[in-house]
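Novice: Supplied structure: start.tsv, TSV, C-alpha atoms.
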chain	number	residue	atom	x	y	z
A	1	MET	CA	-27.10	-6.58	4.98
A	2	ASN	CA	-26.41	-9.92	6.65
A	3	ALA	CA	-23.06	-11.20	7.81
A	4	PRO	CA	-21.54	-13.69	5.36
A	5	ASN	CA	-21.97	-17.31	6.33
A	6	VAL	CA	-18.42	-18.40	7.13
A	7	GLY	CA	-17.23	-20.46	10.05
A	8	ILE	CA	-14.65	-19.07	12.43
A	9	LEU	CA	-11.87	-21.56	11.74
A	10	PRO	CA	-12.18	-21.48	7.93
A	11	LEU	CA	-12.20	-17.68	8.04
A	12	PHE	CA	-9.06	-17.65	10.18
A	13	LEU	CA	-7.20	-20.05	7.91
A	14	ALA	CA	-8.45	-18.32	4.78
A	15	SER	CA	-7.23	-14.93	5.96
A	16	ILE	CA	-3.78	-16.40	6.62
A	17	LEU	CA	-3.42	-18.58	3.55
A	18	THR	CA	-5.78	-18.05	0.62
A	19	SER	CA	-6.26	-14.33	0.86
A	20	ASN	CA	-3.08	-13.37	2.59
A	21	ILE	CA	-3.32	-9.63	3.13
A	22	LEU	CA	0.12	-9.12	1.64
A	23	LEU	CA	0.53	-11.70	-1.08
A	24	ALA	CA	-2.99	-11.55	-2.48
A	25	ASN	CA	-4.08	-8.01	-1.64
A	26	PHE	CA	-0.73	-6.20	-1.78
A	27	LEU	CA	-1.31	-4.44	1.51
A	28	GLY	CA	1.56	-3.41	3.75
A	29	THR	CA	4.19	-3.88	1.07
A	30	CYS	CA	6.22	-0.76	1.87
A	31	SER	CA	7.26	-1.58	5.42
A	32	PHE	CA	7.42	-5.24	4.40
A	33	ILE	CA	10.19	-4.57	1.91
A	34	SER	CA	12.19	-2.21	4.09
A	35	ILE	CA	12.01	-4.18	7.35
A	36	SER	CA	12.47	-7.70	6.01
A	37	LYS	CA	16.22	-7.13	5.66
A	38	ASP	CA	16.56	-8.01	9.30
A	39	PHE	CA	15.16	-11.17	10.87
A	40	LYS	CA	14.79	-9.85	14.41
A	41	SER	CA	12.95	-6.64	13.64
A	42	SER	CA	10.69	-8.59	11.27
A	43	MET	CA	9.69	-10.76	14.20
A	44	GLY	CA	8.97	-7.76	16.43
A	45	LEU	CA	7.09	-5.88	13.74
A	46	GLY	CA	5.08	-8.99	12.84
A	47	ILE	CA	3.87	-9.35	16.43
A	48	ALA	CA	3.08	-5.64	16.72
A	49	VAL	CA	1.18	-5.52	13.43
A	50	THR	CA	-0.85	-8.59	14.37
A	51	MET	CA	-1.81	-6.99	17.68
A	52	VAL	CA	-2.71	-3.66	16.07
A	53	ILE	CA	-4.80	-5.18	13.29
A	54	GLY	CA	-6.67	-7.45	15.71
A	55	LEU	CA	-7.41	-4.70	18.22
A	56	CYS	CA	-8.28	-2.10	15.58
A	57	SER	CA	-10.70	-4.34	13.74
A	58	ALA	CA	-12.51	-5.06	17.01
A	59	ILE	CA	-12.69	-1.39	18.00
A	60	CYS	CA	-13.56	-0.17	14.52
A	61	TRP	CA	-16.34	-2.76	14.28
A	62	ALA	CA	-17.87	-1.37	17.46
A	63	VAL	CA	-17.41	2.22	16.28
A	64	LEU	CA	-18.89	1.40	12.88
A	65	TYR	CA	-22.05	-0.23	14.22
A	66	PHE	CA	-22.65	1.83	17.36
A	67	VAL	CA	-21.50	5.29	16.28
A	68	ILE	CA	-21.09	5.71	12.51
A	69	LYS	CA	-24.18	3.83	11.30
A	70	PRO	CA	-26.69	5.18	13.88
A	71	LEU	CA	-25.52	8.73	13.20
A	72	GLY	CA	-25.48	8.18	9.44
A	73	ILE	CA	-21.99	9.62	9.01
A	74	GLU	CA	-20.57	6.91	6.74
A	75	TYR	CA	-18.81	9.56	4.67
A	76	LEU	CA	-16.58	10.31	7.64
A	77	SER	CA	-15.63	6.69	8.21
A	78	PHE	CA	-12.09	6.95	6.72
A	79	ILE	CA	-11.17	9.73	9.11
A	80	ILE	CA	-12.70	8.00	12.11
A	81	PHE	CA	-10.93	4.73	11.33
A	82	ILE	CA	-7.60	6.49	10.96
A	83	ILE	CA	-8.06	8.22	14.29
A	84	VAL	CA	-8.87	4.89	15.96
A	85	ILE	CA	-5.78	3.28	14.42
A	86	ALA	CA	-3.53	6.15	15.49
A	87	GLY	CA	-4.99	5.99	18.98
A	88	VAL	CA	-4.49	2.23	19.31
A	89	VAL	CA	-0.91	2.48	18.06
A	90	GLN	CA	-0.20	5.29	20.52
A	91	MET	CA	-1.66	3.27	23.40
A	92	LEU	CA	0.22	0.16	22.44
A	93	GLU	CA	3.38	2.21	22.30
A	94	MET	CA	2.84	3.47	25.85
A	95	ILE	CA	1.95	0.01	27.17
A	96	ILE	CA	4.97	-1.65	25.58
A	97	ASP	CA	7.22	1.15	26.83
A	98	ARG	CA	5.87	0.68	30.36
A	99	PHE	CA	6.04	-3.10	30.58
A	100	SER	CA	8.80	-4.14	28.22
A	101	PRO	CA	11.34	-1.41	27.51
A	102	SER	CA	13.60	-3.88	25.68
A	103	LEU	CA	10.89	-4.75	23.14
A	104	TYR	CA	10.13	-1.03	22.86
A	105	MET	CA	13.73	-0.30	21.96
A	106	ALA	CA	13.82	-3.17	19.48
A	107	LEU	CA	10.74	-1.92	17.64
A	108	GLY	CA	11.88	1.69	17.67
A	109	ILE	CA	10.53	3.84	14.86
A	110	PHE	CA	8.53	0.99	13.31
A	111	LEU	CA	5.93	1.10	16.03
A	112	PRO	CA	4.49	4.57	15.22
A	113	LEU	CA	4.79	3.79	11.53
A	114	ILE	CA	2.20	1.03	11.86
A	115	THR	CA	-0.38	3.82	11.71
A	116	VAL	CA	0.34	4.26	8.02
A	117	ASN	CA	0.71	0.56	7.30
A	118	CYS	CA	-1.92	-0.03	4.63
A	119	ALA	CA	-2.64	-3.52	5.95
A	120	VAL	CA	-4.36	-2.12	9.05
A	121	LEU	CA	-6.73	0.23	7.26
A	122	GLY	CA	-7.17	-2.38	4.51
A	123	VAL	CA	-8.41	-5.05	6.89
A	124	ILE	CA	-10.87	-2.59	8.44
A	125	LEU	CA	-12.25	-1.51	5.07
A	126	PHE	CA	-12.61	-5.15	3.96
A	127	MET	CA	-14.42	-5.84	7.21
A	128	GLN	CA	-16.82	-2.97	6.49
A	129	ILE	CA	-17.46	-3.98	2.86
A	130	ARG	CA	-18.04	-7.66	3.66
A	131	ASN	CA	-20.44	-6.93	6.57
A	132	TYR	CA	-18.68	-9.24	9.02
A	133	ASN	CA	-20.24	-9.70	12.45
A	134	PHE	CA	-18.18	-8.94	15.55
A	135	VAL	CA	-16.60	-12.37	16.01
A	136	GLN	CA	-15.83	-12.65	12.30
A	137	ALA	CA	-14.26	-9.17	12.31
A	138	VAL	CA	-11.96	-10.04	15.20
A	139	VAL	CA	-10.99	-13.40	13.71
A	140	PHE	CA	-10.39	-11.84	10.29
A	141	GLY	CA	-8.29	-9.11	11.92
A	142	PHE	CA	-6.05	-11.45	13.86
A	143	GLY	CA	-5.89	-13.88	10.93
A	144	SER	CA	-4.78	-11.20	8.51
A	145	GLY	CA	-2.22	-9.97	11.00
A	146	ALA	CA	-0.90	-13.49	11.44
A	147	GLY	CA	-0.76	-13.88	7.66
A	148	TRP	CA	1.29	-10.71	7.37
A	149	TRP	CA	3.55	-11.92	10.15
A	150	LEU	CA	4.00	-15.32	8.50
A	151	SER	CA	4.92	-13.79	5.16
A	152	ILE	CA	7.40	-11.27	6.60
A	153	MET	CA	9.12	-14.08	8.53
A	154	LEU	CA	9.33	-16.21	5.38
A	155	LEU	CA	10.74	-13.33	3.36
A	156	ALA	CA	13.23	-12.32	6.06
A	157	SER	CA	14.57	-15.86	6.17
A	158	ILE	CA	14.94	-15.97	2.40
A	159	ARG	CA	16.61	-12.57	2.32
A	160	THR	CA	19.30	-13.43	4.86
A	161	LYS	CA	20.45	-16.10	2.39
A	162	LEU	CA	19.91	-13.95	-0.70
A	163	ASP	CA	22.06	-11.07	0.45
A	164	LYS	CA	25.10	-13.31	0.55
A	165	ASN	CA	24.58	-14.31	-3.07
A	166	ASN	CA	26.79	-12.50	-5.57
A	167	ALA	CA	25.23	-13.93	-8.70
A	168	ILE	CA	22.41	-11.37	-8.72
A	169	PRO	CA	22.79	-8.74	-11.49
A	170	ALA	CA	23.70	-5.30	-10.12
A	171	GLY	CA	20.50	-3.61	-11.29
A	172	LEU	CA	18.34	-6.20	-9.61
A	173	LYS	CA	19.96	-6.12	-6.18
A	174	GLY	CA	18.02	-4.99	-3.14
A	175	THR	CA	14.43	-4.13	-3.91
A	176	GLY	CA	14.30	-5.77	-7.33
A	177	ILE	CA	15.18	-9.27	-6.22
A	178	THR	CA	12.99	-8.85	-3.15
A	179	LEU	CA	9.99	-8.09	-5.33
A	180	ILE	CA	10.69	-11.17	-7.44
A	181	THR	CA	10.97	-13.27	-4.28
A	182	ILE	CA	7.62	-11.92	-3.09
A	183	GLY	CA	6.19	-12.81	-6.49
A	184	PHE	CA	7.29	-16.42	-6.09
A	185	MET	CA	5.90	-16.52	-2.58
A	186	ALA	CA	2.60	-15.20	-3.91
A	187	MET	CA	2.60	-17.96	-6.54
A	188	ALA	CA	3.16	-20.56	-3.84
A	189	PHE	CA	0.27	-19.16	-1.82
A	190	ILE	CA	-2.02	-19.30	-4.85
A	191	GLY	CA	-1.71	-23.05	-4.45
A	192	PHE	CA	-3.97	-22.75	-1.41
A	193	SER	CA	-6.75	-20.99	-3.28
A	194	GLY	CA	-10.03	-22.80	-3.74
A	195	MET	CA	-9.60	-24.66	-0.48
A	196	ILE	CA	-11.33	-22.08	1.68
A	197	ALA	CA	-12.75	-18.59	1.15
A	198	VAL	CA	-13.04	-15.44	3.20
A	199	GLN	CA	-16.64	-14.71	2.33
B	1	MET	CA	16.52	24.57	-15.56
B	2	SER	CA	13.70	26.50	-13.86
B	3	PRO	CA	12.72	25.30	-10.38
B	4	ALA	CA	9.31	24.04	-11.53
B	5	ARG	CA	10.83	22.03	-14.35
B	6	LYS	CA	13.42	20.59	-12.02
B	7	ILE	CA	10.72	19.45	-9.59
B	8	MET	CA	8.83	17.86	-12.48
B	9	LYS	CA	11.92	16.01	-13.68
B	10	ASP	CA	12.71	14.84	-10.16
B	11	GLY	CA	9.25	13.39	-9.68
B	12	LEU	CA	9.00	11.81	-13.10
B	13	TRP	CA	12.46	10.29	-13.35
B	14	THR	CA	15.43	11.26	-11.13
B	15	ASN	CA	13.59	10.66	-7.89
B	16	ASN	CA	10.72	8.56	-9.20
B	17	PRO	CA	8.52	7.33	-6.33
B	18	ILE	CA	8.59	3.74	-7.53
B	19	PHE	CA	12.14	3.34	-8.87
B	20	VAL	CA	14.07	5.37	-6.35
B	21	GLN	CA	11.96	5.90	-3.27
B	22	VAL	CA	10.18	2.50	-3.55
B	23	LEU	CA	7.05	3.98	-2.03
B	24	GLY	CA	3.37	3.50	-2.48
B	25	ILE	CA	3.42	0.22	-4.27
B	26	CYS	CA	0.99	-1.25	-1.77
B	27	SER	CA	-2.45	-0.10	-2.60
B	28	THR	CA	-2.31	0.44	-6.30
B	29	LEU	CA	-0.67	-2.77	-7.50
B	30	ALA	CA	-3.91	-4.55	-6.77
B	31	VAL	CA	-5.79	-2.61	-9.44
B	32	THR	CA	-3.18	-2.74	-12.21
B	33	ASN	CA	-4.77	-5.69	-13.99
B	34	ASN	CA	-7.21	-3.26	-15.54
B	35	LEU	CA	-6.16	-0.07	-17.32
B	36	ARG	CA	-9.25	2.00	-16.57
B	37	ASN	CA	-9.13	1.32	-12.83
B	38	THR	CA	-5.42	2.10	-12.81
B	39	MET	CA	-6.01	5.46	-14.48
B	40	ILE	CA	-8.63	6.37	-11.90
B	41	MET	CA	-6.38	5.35	-9.00
B	42	VAL	CA	-3.47	7.31	-10.47
B	43	LEU	CA	-5.64	10.41	-10.87
B	44	GLY	CA	-6.84	10.00	-7.30
B	45	VAL	CA	-3.32	9.64	-5.94
B	46	THR	CA	-2.07	12.62	-7.95
B	47	PHE	CA	-4.96	14.81	-6.81
B	48	ALA	CA	-4.59	13.81	-3.17
B	49	THR	CA	-0.80	14.21	-3.16
B	50	ALA	CA	-0.88	17.61	-4.84
B	51	MET	CA	-3.71	19.06	-2.78
B	52	GLY	CA	-2.42	17.47	0.43
B	53	SER	CA	1.10	18.81	-0.08
B	54	TRP	CA	-0.29	22.26	-0.90
B	55	THR	CA	-2.48	22.37	2.21
B	56	LEU	CA	0.19	20.99	4.52
B	57	SER	CA	2.71	23.44	3.17
B	58	LEU	CA	0.30	26.29	3.91
B	59	LEU	CA	-0.25	24.98	7.42
B	60	LYS	CA	3.31	23.99	8.18
B	61	ASP	CA	4.03	26.84	10.58
B	62	LEU	CA	0.77	26.37	12.47
B	63	ILE	CA	1.12	22.67	13.28
B	64	PRO	CA	3.00	21.76	16.46
B	65	ARG	CA	5.69	19.17	15.75
B	66	LYS	CA	4.27	16.62	18.16
B	67	VAL	CA	0.93	16.20	16.43
B	68	ARG	CA	2.32	16.66	12.93
B	69	MET	CA	1.78	13.06	11.79
B	70	ILE	CA	-1.84	12.91	12.82
B	71	VAL	CA	-2.63	16.29	11.25
B	72	GLN	CA	-1.03	15.13	8.01
B	73	VAL	CA	-3.11	11.97	7.98
B	74	LEU	CA	-6.29	13.91	8.69
B	75	VAL	CA	-5.68	16.43	5.91
B	76	LEU	CA	-4.89	13.64	3.46
B	77	SER	CA	-7.96	11.64	4.43
B	78	PHE	CA	-10.07	14.74	3.85
B	79	TYR	CA	-9.01	14.79	0.18
B	80	VAL	CA	-9.43	11.03	-0.19
B	81	ILE	CA	-12.97	11.31	1.14
B	82	ILE	CA	-13.68	13.87	-1.59
B	83	ILE	CA	-12.40	11.42	-4.20
B	84	ASP	CA	-14.46	8.61	-2.72
B	85	ILE	CA	-17.67	10.66	-2.71
B	86	LEU	CA	-17.11	11.88	-6.30
B	87	LEU	CA	-16.45	8.32	-7.51
B	88	ARG	CA	-19.51	6.96	-5.75
B	89	ALA	CA	-21.69	9.66	-7.26
B	90	TYR	CA	-20.47	9.60	-10.85
B	91	GLN	CA	-18.87	6.16	-11.34
B	92	PRO	CA	-20.64	3.78	-8.95
B	93	ALA	CA	-19.58	0.68	-10.89
B	94	ILE	CA	-15.89	1.54	-10.73
B	95	SER	CA	-16.20	2.58	-7.10
B	96	LYS	CA	-17.58	-0.87	-6.33
B	97	GLN	CA	-14.80	-2.63	-8.25
B	98	LEU	CA	-12.07	-0.66	-6.51
B	99	GLY	CA	-13.64	-1.48	-3.16
B	100	PRO	CA	-11.37	-0.61	-0.25
B	101	TYR	CA	-8.52	0.55	-2.47
B	102	VAL	CA	-9.86	4.09	-2.82
B	103	GLY	CA	-9.80	4.54	0.94
B	104	LEU	CA	-6.35	3.04	1.03
B	105	ILE	CA	-4.98	6.04	-0.89
B	106	ILE	CA	-4.80	7.60	2.60
B	107	THR	CA	-2.12	5.16	3.67
B	108	ASN	CA	-0.29	5.29	0.35
B	109	CYS	CA	3.23	6.07	1.49
B	110	ILE	CA	3.78	8.58	-1.33
B	111	LEU	CA	1.31	11.01	0.20
B	112	MET	CA	2.92	11.01	3.62
B	113	GLY	CA	6.37	10.77	2.11
B	114	ARG	CA	5.97	13.92	0.03
B	115	ALA	CA	4.23	15.80	2.84
B	116	GLU	CA	7.15	14.96	5.13
B	117	ALA	CA	10.03	15.23	2.66
B	118	PHE	CA	8.97	18.17	0.53
B	119	ALA	CA	5.95	20.11	1.76
B	120	ALA	CA	7.35	20.48	5.28
B	121	ALA	CA	10.19	22.65	3.97
B	122	ASN	CA	8.87	24.33	0.81
B	123	LYS	CA	6.39	26.95	-0.39
B	124	PRO	CA	2.78	25.92	-1.20
B	125	GLY	CA	3.15	26.46	-4.95
B	126	ALA	CA	6.27	24.33	-5.22
B	127	SER	CA	4.71	21.66	-3.01
B	128	PHE	CA	1.69	21.50	-5.30
B	129	ILE	CA	3.89	20.98	-8.35
B	130	ASP	CA	5.92	18.41	-6.45
B	131	GLY	CA	2.73	16.52	-5.60
B	132	ILE	CA	1.63	16.50	-9.25
B	133	ALA	CA	5.08	15.41	-10.42
B	134	ASN	CA	5.26	12.54	-7.96
B	135	GLY	CA	1.73	11.44	-8.69
B	136	LEU	CA	2.47	11.36	-12.41
B	137	GLY	CA	5.89	9.78	-11.92
B	138	TYR	CA	4.17	7.04	-10.02
B	139	GLY	CA	1.35	6.94	-12.55
B	140	TRP	CA	3.31	6.38	-15.74
B	141	VAL	CA	5.05	3.32	-14.29
B	142	LEU	CA	1.76	1.86	-13.14
B	143	VAL	CA	0.05	2.58	-16.45
B	144	CYS	CA	2.85	0.71	-18.28
B	145	ILE	CA	2.36	-2.25	-15.95
B	146	ALA	CA	-1.40	-2.12	-16.36
B	147	VAL	CA	-1.12	-2.12	-20.16
B	148	ILE	CA	1.00	-5.28	-20.05
B	149	ARG	CA	-1.17	-7.02	-17.48
B	150	GLU	CA	-4.45	-6.22	-19.20
B	151	PHE	CA	-3.11	-7.18	-22.63
B	152	PHE	CA	-1.88	-10.60	-21.59
B	153	GLY	CA	-4.45	-11.23	-18.90
B	154	PHE	CA	-7.59	-10.33	-20.83
B	155	GLY	CA	-6.31	-9.78	-24.37
B	156	SER	CA	-7.67	-6.25	-24.35
B	157	PHE	CA	-6.67	-2.58	-24.17
B	158	PHE	CA	-8.94	-0.25	-22.20
B	159	GLY	CA	-11.58	-2.96	-22.30
B	160	ILE	CA	-11.47	-3.21	-26.12
B	161	LYS	CA	-10.74	-6.74	-27.28
B	162	LEU	CA	-7.58	-6.82	-29.38
B	163	MET	CA	-6.88	-10.51	-29.68
B	164	GLY	CA	-9.01	-12.89	-31.74
B	165	GLU	CA	-11.21	-15.70	-30.47
B	166	GLY	CA	-8.34	-18.17	-30.26
B	167	PHE	CA	-6.42	-16.17	-27.65
B	168	THR	CA	-5.80	-17.96	-24.38
B	169	PRO	CA	-5.57	-15.40	-21.57
B	170	TRP	CA	-2.62	-15.73	-19.22
B	171	THR	CA	-4.33	-16.23	-15.92
B	172	ILE	CA	-1.12	-15.46	-14.03
B	173	MET	CA	-1.19	-11.90	-15.40
B	174	VAL	CA	-4.49	-11.22	-13.66
B	175	MET	CA	-3.26	-12.53	-10.35
B	176	ALA	CA	-0.96	-11.02	-7.75
B	177	PRO	CA	2.47	-12.52	-8.60
B	178	SER	CA	2.72	-10.95	-12.04
B	179	ALA	CA	2.45	-7.46	-10.55
B	180	PHE	CA	5.46	-8.12	-8.33
B	181	PHE	CA	7.42	-9.58	-11.25
B	182	LEU	CA	6.62	-6.67	-13.55
B	183	VAL	CA	7.54	-4.03	-10.99
B	184	ALA	CA	10.80	-5.88	-10.37
B	185	MET	CA	11.52	-5.95	-14.11
B	186	ALA	CA	10.76	-2.24	-14.45
B	187	LEU	CA	13.04	-1.52	-11.51
B	188	TRP	CA	15.78	-3.64	-13.01
B	189	ALA	CA	15.55	-1.88	-16.36
B	190	ALA	CA	15.56	1.57	-14.74
B	191	ASN	CA	18.54	0.75	-12.51
B	192	THR	CA	20.55	-0.70	-15.35
B	193	TYR	CA	19.80	2.29	-17.57
B	194	LYS	CA	20.77	4.69	-14.79
B	195	ALA	CA	24.02	2.86	-14.07
B	196	LYS	CA	24.90	2.99	-17.78
B	197	ALA	CA	24.07	6.69	-18.04
B	198	GLU	CA	26.26	7.41	-15.05
B	199	ALA	CA	29.14	5.39	-16.42
B	200	LYS	CA	28.85	7.32	-19.68
B	201	LYS	CA	28.90	10.65	-17.86
B	202	LYS	CA	32.07	9.67	-16.03
B	203	GLY	CA	33.64	8.51	-19.28
B	204	THR	CA	33.12	11.83	-21.08
B	205	LYS	CA	34.37	13.99	-18.23
Represent the structure contained in this file as C-alpha cells.

Specialist:
Amino acid sequence: MNAPNVGILPLFLASILTSNILLANFLGTCSFISISKDFKSSMGLGIAVTMVIGLCSAICWAVLYFVIKPLGIEYLSFIIFIIVIAGVVQMLEMIIDRFSPSLYMALGIFLPLITVNCAVLGVILFMQIRNYNFVQAVVFGFGSGAGWWLSIMLLASIRTKLDKNNAIPAGLKGTGITLITIGFMAMAFIGFSGMIAVQ
Amino acid sequence: MSPARKIMKDGLWTNNPIFVQVLGICSTLAVTNNLRNTMIMVLGVTFATAMGSWTLSLLKDLIPRKVRMIVQVLVLSFYVIIIDILLRAYQPAISKQLGPYVGLIITNCILMGRAEAFAAANKPGASFIDGIANGLGYGWVLVCIAVIREFFGFGSFFGIKLMGEGFTPWTIMVMAPSAFFLVAMALWAANTYKAKAEAKKKGTK
C-alpha cells in the first residue's frame, strides 16, 4: 500500500483540470446548479467549499491513518468522515461569523449545506482509495476545491448571459439548459486529459 | 386514489426527484455508462432512502431540532455502510468498480431531501413507501440513461454485445458530457410533455 508516485504540482493541476471533481466526477452537482444562478454567492460558496475540502482532507487523512487503521475500524469510516466534515463546517461557520459577519450573511444557508455537498466526501473517499500520503492528500483536497470553484465561476458567468436569452425553448429553461452548458464545459475540460494524471 | 398509490405516483412522476426536484444527480451520473452498475446504485439508493425515511420518521419526536441534520446523516450513513459491506462481501468486483460512489450515497441529496420533506412530518409506513417511490422514480430515469449510454458507448446491453464487429463505439457516450446532455434531454422531454398535458386539461375544462 504505497502512495502513488505523483509530484505535487502535477497533482494540483490535474485535480483542477483533468479530473475536475465536478466536470469529470459529477460531484457537487446539486448545489452547483442551484447556486450558480447568482455570481456573488457562487464566489462565496466557491471559497468556502475550497476551504472545507482542503481542511477536511487533511484532518480525515490524519484520522484515517492514526485512528481508523490502527483500530481496524475501516467499516466505520463513512460515519467518522461525515462527523469530521460536519464538525469542520460548524467550526468554519463560527469562525466566519466571529471575524467577518458580512461574509457570514452573504453565505447564509449555503454554509451548513456544505456538509452534504458530495464533493467533500468524494474527495476524501478518493484520497482513501488512492492511498495518498499527507502532502498529496492536502494538495489534492485544495486542488479539487479550486477546480470546483473555477467551474462554478465559469458557469455563473455563462448563466448571467443565458438568462437574458429568450430563444431557449420553454421546456429547456432553467435546469435543462444549465445541464447542457455543464456538458459543454465538461467537453472543453476533456481537452486537458492526457496531459497530467491524478495517480 | 389511495394514499399509498398517490405517494407512489408522486415519486415516480408528479414529483420525480430528477425532473421536478432536480436532486441527487451528483453521485449516480458517474456510473450510468454501465447498466449493471446503475442497477446496483439505484437499488442501494432506494434501500437507503426507504429505510432511512422509515427510521427517521420513527425517531422524529425524539430528535431535538438543533441536532436534526447530523442525526439524519448518521442514520443514513448507517444504512449505506450496510450496503457497502454487503457489496464487498458478495460482489467484490462491482464494489471495486463503483469505488467511492457507494459511500457517496450518503450525500445523495434525495436521501436528506426526503427525510426532511416527507419523513419529518409523516408516519413511518408512509415514509417507507415514499422512500421506495422516490428511489424508483429516480431509478427509472437513470436506467433509461444507462441503456442509451451503454448501447452507444460499448455497443452492448447488460454487458451482452449487440452490435457486430464493425461497430465503432461512441467514446463521448462513455465520458462525462454525455450524461449531462442526456439528463438535459430527458428533462426537456418531461417538461414539454407536462406543459402539453396541462394545456390540454385547461382546454377541456

Novice: Let me make sure I understand: among A:Val135, A:Met195, A:Ile190, A:Ala119, which one has the smallest atom-to-atom distance to A:Val52 if we use only C-alpha atoms?

Specialist: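 Ranking A:Val135, A:Met195, A:Ile190, A:Ala119 by distance to A:Val52, first place goes to A:Ala119.
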
Novice: Considering only C-alpha atoms, can you say which of A:Asp163, A:Asp97, A:Asp38, A:Glu74 comes closest to chain B?

Specialist: A:Glu74

Novice: Using all atoms listed in the file, determine which residues lie at most 7 Å from A:Ala137, disregarding the query and same-chain residues fewer than 4 positions distant; provide the list as a ChimeraX atom specification.

Specialist: /A:57-58,127,132-133,141

Novice: Could you please select, counting only C-alpha atoms, the residues of chain A within 7 Å of chain B and state them as a VMD selection string?

Specialist: chain A and resid 23 to 30 78 to 79 116 to 118 121 to 122 125 to 126 171 to 172 176 to 177 179 to 180 182 to 184 186 to 187

Novice: Could you name the residues that touch B:Ile132 at 7 Å or less, counting all atoms listed in the file, but leaving out those on the same chain fewer than 2 positions away, as a PDB file with C-alpha atoms, in the coordinates of the input?

Specialist:
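Produced file out_29.pdb, reproduced below:
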ATOM      1  CA  THR B  46      -2.070  12.620  -7.950  1.00  0.00           C
ATOM      2  CA  THR B  49      -0.800  14.210  -3.160  1.00  0.00           C
ATOM      3  CA  ALA B  50      -0.880  17.610  -4.840  1.00  0.00           C
ATOM      4  CA  PHE B 128       1.690  21.500  -5.300  1.00  0.00           C
ATOM      5  CA  ILE B 129       3.890  20.980  -8.350  1.00  0.00           C
ATOM      6  CA  ASP B 130       5.920  18.410  -6.450  1.00  0.00           C
ATOM      7  CA  ASN B 134       5.260  12.540  -7.960  1.00  0.00           C
ATOM      8  CA  GLY B 135       1.730  11.440  -8.690  1.00  0.00           C
ATOM      9  CA  LEU B 136       2.470  11.360 -12.410  1.00  0.00           C
TER      10      LEU B 136
END

Novice: List the spatial neighbours of stretch 34-43 of chain B as a list of chain:residue names - criterion: any atom at most 8 Å away, all atoms listed in the file, same-chain residues fewer than 3 positions off excluded.

Specialist: B:Thr28, B:Val31, B:Thr46, B:Phe47, B:Ile94, B:Leu98, B:Val102, B:Gly135, B:Leu136, B:Tyr138, B:Gly139, B:Leu142, B:Val143, B:Ala146, B:Val147, B:Arg149, B:Glu150, B:Phe157, B:Phe158, B:Gly159

Novice: Take the residues from that selection and write them out as a short mmCIF file (atom, residue, chain, number, x, y, z; two decimals), in the frame of the given file, keeping C-alpha atoms.

Specialist:
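Contents of part.cif, as written:
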data_model
loop_
_atom_site.label_atom_id
_atom_site.label_comp_id
_atom_site.auth_asym_id
_atom_site.auth_seq_id
_atom_site.Cartn_x
_atom_site.Cartn_y
_atom_site.Cartn_z
CA THR B 28 -2.31 0.44 -6.30
CA VAL B 31 -5.79 -2.61 -9.44
CA THR B 46 -2.07 12.62 -7.95
CA PHE B 47 -4.96 14.81 -6.81
CA ILE B 94 -15.89 1.54 -10.73
CA LEU B 98 -12.07 -0.66 -6.51
CA VAL B 102 -9.86 4.09 -2.82
CA GLY B 135 1.73 11.44 -8.69
CA LEU B 136 2.47 11.36 -12.41
CA TYR B 138 4.17 7.04 -10.02
CA GLY B 139 1.35 6.94 -12.55
CA LEU B 142 1.76 1.86 -13.14
CA VAL B 143 0.05 2.58 -16.45
CA ALA B 146 -1.40 -2.12 -16.36
CA VAL B 147 -1.12 -2.12 -20.16
CA ARG B 149 -1.17 -7.02 -17.48
CA GLU B 150 -4.45 -6.22 -19.20
CA PHE B 157 -6.67 -2.58 -24.17
CA PHE B 158 -8.94 -0.25 -22.20
CA GLY B 159 -11.58 -2.96 -22.30
#

Novice: Contacts of stretch 89-95 of chain A at 12 Å or less, counting only C-alpha atoms, minus same-chain residues fewer than 2 places along, as a ChimeraX atom specification?

Specialist: /A:47-56,82-87,97-101,103-105,107-117,120 /B:67,69-70

Novice: Just checking: using only C-alpha atoms, which residue out of A:Leu154, A:Val138, A:Ile68, A:Val123 ends up closest to A:Phe189?

Specialist: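 Closest candidate: A:Leu154.
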
Novice: Would you please work out which residue, of B:Asn122, B:Ser156, B:Gln72, B:Tyr79, is nearest to A:Leu76 when using all atoms listed in the file?

Specialist: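 Looking at the shortest contact to A:Leu76, the residue is B:Tyr79.
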
Novice: Identify which of the residues A:Phe192, A:Phe140, A:Tyr75, A:Phe134 lies closest to A:Ile21, counting all atoms listed in the file when measuring atom-to-atom distances.

Specialist: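 The shortest atom-to-atom distance to A:Ile21 comes from A:Phe140.
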
Novice: One decimal, Å: what's the distance from atom CA of B:Glu116 over to atom CA of A:Ser41, could you say?

Specialist: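 Result for atom CA of B:Glu116 versus atom CA of A:Ser41: 23.9 Å, one decimal.
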
Novice: Generate the coordinates of N, CA and C atoms for stretch 164-170 of chain A; report them as a PDB file, in the frame of the given file.

Specialist:
ATOM      1  N   LYS A 164      23.737 -12.807   0.656  1.00  0.00           N
ATOM      2  CA  LYS A 164      25.100 -13.310   0.550  1.00  0.00           C
ATOM      3  C   LYS A 164      25.418 -13.743  -0.875  1.00  0.00           C
ATOM      4  N   ASN A 165      24.399 -13.787  -1.720  1.00  0.00           N
ATOM      5  CA  ASN A 165      24.580 -14.310  -3.070  1.00  0.00           C
ATOM      6  C   ASN A 165      25.116 -13.214  -3.995  1.00  0.00           C
ATOM      7  N   ASN A 166      26.211 -13.513  -4.694  1.00  0.00           N
ATOM      8  CA  ASN A 166      26.790 -12.500  -5.570  1.00  0.00           C
ATOM      9  C   ASN A 166      26.385 -12.650  -7.022  1.00  0.00           C
ATOM     10  N   ALA A 167      25.585 -13.674  -7.309  1.00  0.00           N
ATOM     11  CA  ALA A 167      25.230 -13.930  -8.700  1.00  0.00           C
ATOM     12  C   ALA A 167      24.116 -13.010  -9.199  1.00  0.00           C
ATOM     13  N   ILE A 168      23.522 -12.222  -8.310  1.00  0.00           N
ATOM     14  CA  ILE A 168      22.410 -11.370  -8.720  1.00  0.00           C
ATOM     15  C   ILE A 168      22.941 -10.195  -9.538  1.00  0.00           C
ATOM     16  N   PRO A 169      22.337  -9.894 -10.697  1.00  0.00           N
ATOM     17  CA  PRO A 169      22.790  -8.740 -11.490  1.00  0.00           C
ATOM     18  C   PRO A 169      22.686  -7.446 -10.686  1.00  0.00           C
ATOM     19  N   ALA A 170      23.611  -6.517 -10.930  1.00  0.00           N
ATOM     20  CA  ALA A 170      23.700  -5.300 -10.120  1.00  0.00           C
ATOM     21  C   ALA A 170      22.380  -4.539 -10.076  1.00  0.00           C
TER      22      ALA A 170
END
